[in-house]
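Peer 1: Please read through the structure below; I'll follow up with questions.
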Amino acid sequence: MKVYLSVLKLRLLNGMQYRAAALAGVATQFFWGFITIMVFEAFYKFAANAQPISLKELTTYIWLQQAFLVFITMWFRDNELFDLITSGTIAYELCRPCELYGFWYAKLLAQRLSSALLRCFPILFISFFLPHPYNMTLPPSFTTFLLFLSSLLLGLLLLVAMSMFLYISVFITMSPVGSLLIFSVLGEFFAGLIIPVPLMPMWLQKIAYVLPFRWTADFPFRVYSGHIPQNEAVIGIVIQLGFLLALILLGRLSLNRVIKKVVVQGG
């Protein structure tokens, strides 16, 4: 564990150096946040029926989405790992005196954490002081806030576990393009990043509830606003833990299996 914690710490410190890129990301996310809220505001204004999630809750949902975008997107990737696999320099990684899955997991986790820490606080702070209906609101209670933090952290760990399958697939395909496209499109849609899950047709909601993607974004954001009650939030956190353990176990088994078949040119 000490090795993986050291990797996490070093990668976290390294990622925190890119402040200019983070500021550019903050500006971009504010732009998309406003655009998205205005689109939904027009939709709610002219909607004939009452919606399953209020505009106030949806606005908070969108700002949390923008603040923690790096926590919840599948397209955030480490091109260095792709190059290691496709170029054959994976041989150096296999010589490390530690398990490859844990080493890569810690590295990917640190990258997402460092990027989110630089971006989330300015977005969250400013969004609270925006005029109605663009302002973000506080959670209903402190207990709800603690449940949100727990679900957000578990969602991050779950997403990193899912993203590991991207790199494992490249051992087989030798190209990240196809896997990245499939994971990004399916992951973002069923996580509620395109259309919030409550606004999806019922048949799509049933699919979203079966897949693990919604537990990374839709679930914690709706817990924050109180749209998901506290008792359901506790059950959801248990489900997150189940998905996390299952994906980590499956990921480790899959990586160990493909490593046994790795062929490095020249040896």
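Chain lettering (A, B, ...) mirrors the order of the structure tokens, residue numbering begins at 1 for each chain separately, and ligand numbering begins at 1 in order of display.
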Which residues, written as a PyMOL selection string, have at least one atom at most 10 Å from Asp78 (chain A), with only C-alpha atoms counted and residues fewer than 6 positions away on the same chain left out?
Peer 2: chain A and resi 104+107-108+111+167
Peer 1: Could you tell me, as an MDAnalysis selection string, which residues of region 48-143 of chain A DSSP assigns to alpha helix (DSSP H) when given the backbone?
Peer 2: chainID A and resid 55:67 69:72 79:87 90:94 100:127 142:143
Peer 1: Determine, for each residue of region 38-89 of chain A having at least one atom at most 8 Å from an atom of region 118-132 of chain A, the closest pair of atoms and their separation in Å to one decimal, counting only C-alpha atoms; order by chain and ascending number, as JSON lines.
Peer 2:
{"residue": "A:Trp63", "atom": "CA", "partner": "A:Ser127", "partner_atom": "CA", "distance": 7.1}
{"residue": "A:Leu64", "atom": "CA", "partner": "A:Leu124", "partner_atom": "CA", "distance": 7.5}
{"residue": "A:Gln66", "atom": "CA", "partner": "A:Ile123", "partner_atom": "CA", "distance": 7.7}
{"residue": "A:Ala67", "atom": "CA", "partner": "A:Cys120", "partner_atom": "CA", "distance": 4.3}
{"residue": "A:Phe68", "atom": "CA", "partner": "A:Cys120", "partner_atom": "CA", "distance": 6.0}
Peer 1: Measuring between only C-alpha atoms, which one of A:Ala208, A:Val234, A:Leu255, A:Ile53 shows the shortest distance to Ser150 (chain A)?
Peer 2: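 Closest to Ser150 (chain A) of all the choices is A:Val234.
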Peer 1: Would you mind telling me which residue in A:Phe142, A:Phe243, A:Trp203, A:Phe34 lies nearest to Ile62 (chain A) when using only C-alpha atoms?
Peer 2: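 The shortest atom-to-atom distance to Ile62 (chain A) comes from A:Phe34.
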Peer 1: For the atom pair CA of His227 (chain A) and CA of Ile195 (chain A), what is the interatomic distance in Å to one decimal place?
Peer 2: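 Separating CA of His227 (chain A) from CA of Ile195 (chain A) is a distance of 16.0 Å.
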Peer 1: So what do you get for CA of Gln230 (chain A) versus CA of Leu147 (chain A), distance-wise?
Peer 2: 7.6 Å
Peer 1: Of the candidates A:Met200, A:Asp218, A:Leu94, A:Leu117, which one gets nearest to Lys260 (chain A) if we count only C-alpha atoms?
Peer 2: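 So, comparing all the options, the nearest one is A:Leu94.
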Peer 1: Which is closer to Phe213 (chain A) than all the others in A:Leu81, A:Ile248, A:Met162, A:Ile228, using only C-alpha atoms?
Peer 2: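 Closest to Phe213 (chain A), using only C-alpha atoms: A:Met162.
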Peer 1: Hey, which of A:Thr86, A:Phe76, A:Gln51, A:Phe30 ends up closest to Ser175 (chain A)? Count only C-alpha atoms.
Peer 2: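 Ranked by minimum distance to Ser175 (chain A), first place goes to A:Thr86.
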Peer 1: Using only C-alpha atoms, which of the listed residues (A:Tyr134, A:Trp215, A:Phe190, A:Phe221) sits closest to Val39 (chain A)?
Peer 2: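 Among A:Tyr134, A:Trp215, A:Phe190, A:Phe221, it is A:Tyr134 that comes nearest to Val39 (chain A).
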Peer 1: Could you pull the residues within 12 Å of Leu245 (chain A), counting only C-alpha atoms, minus those fewer than 3 positions along the same chain, as a ChimeraX atom specification?
Peer 2: /A:154,157-158,161-162,238-242,248-252
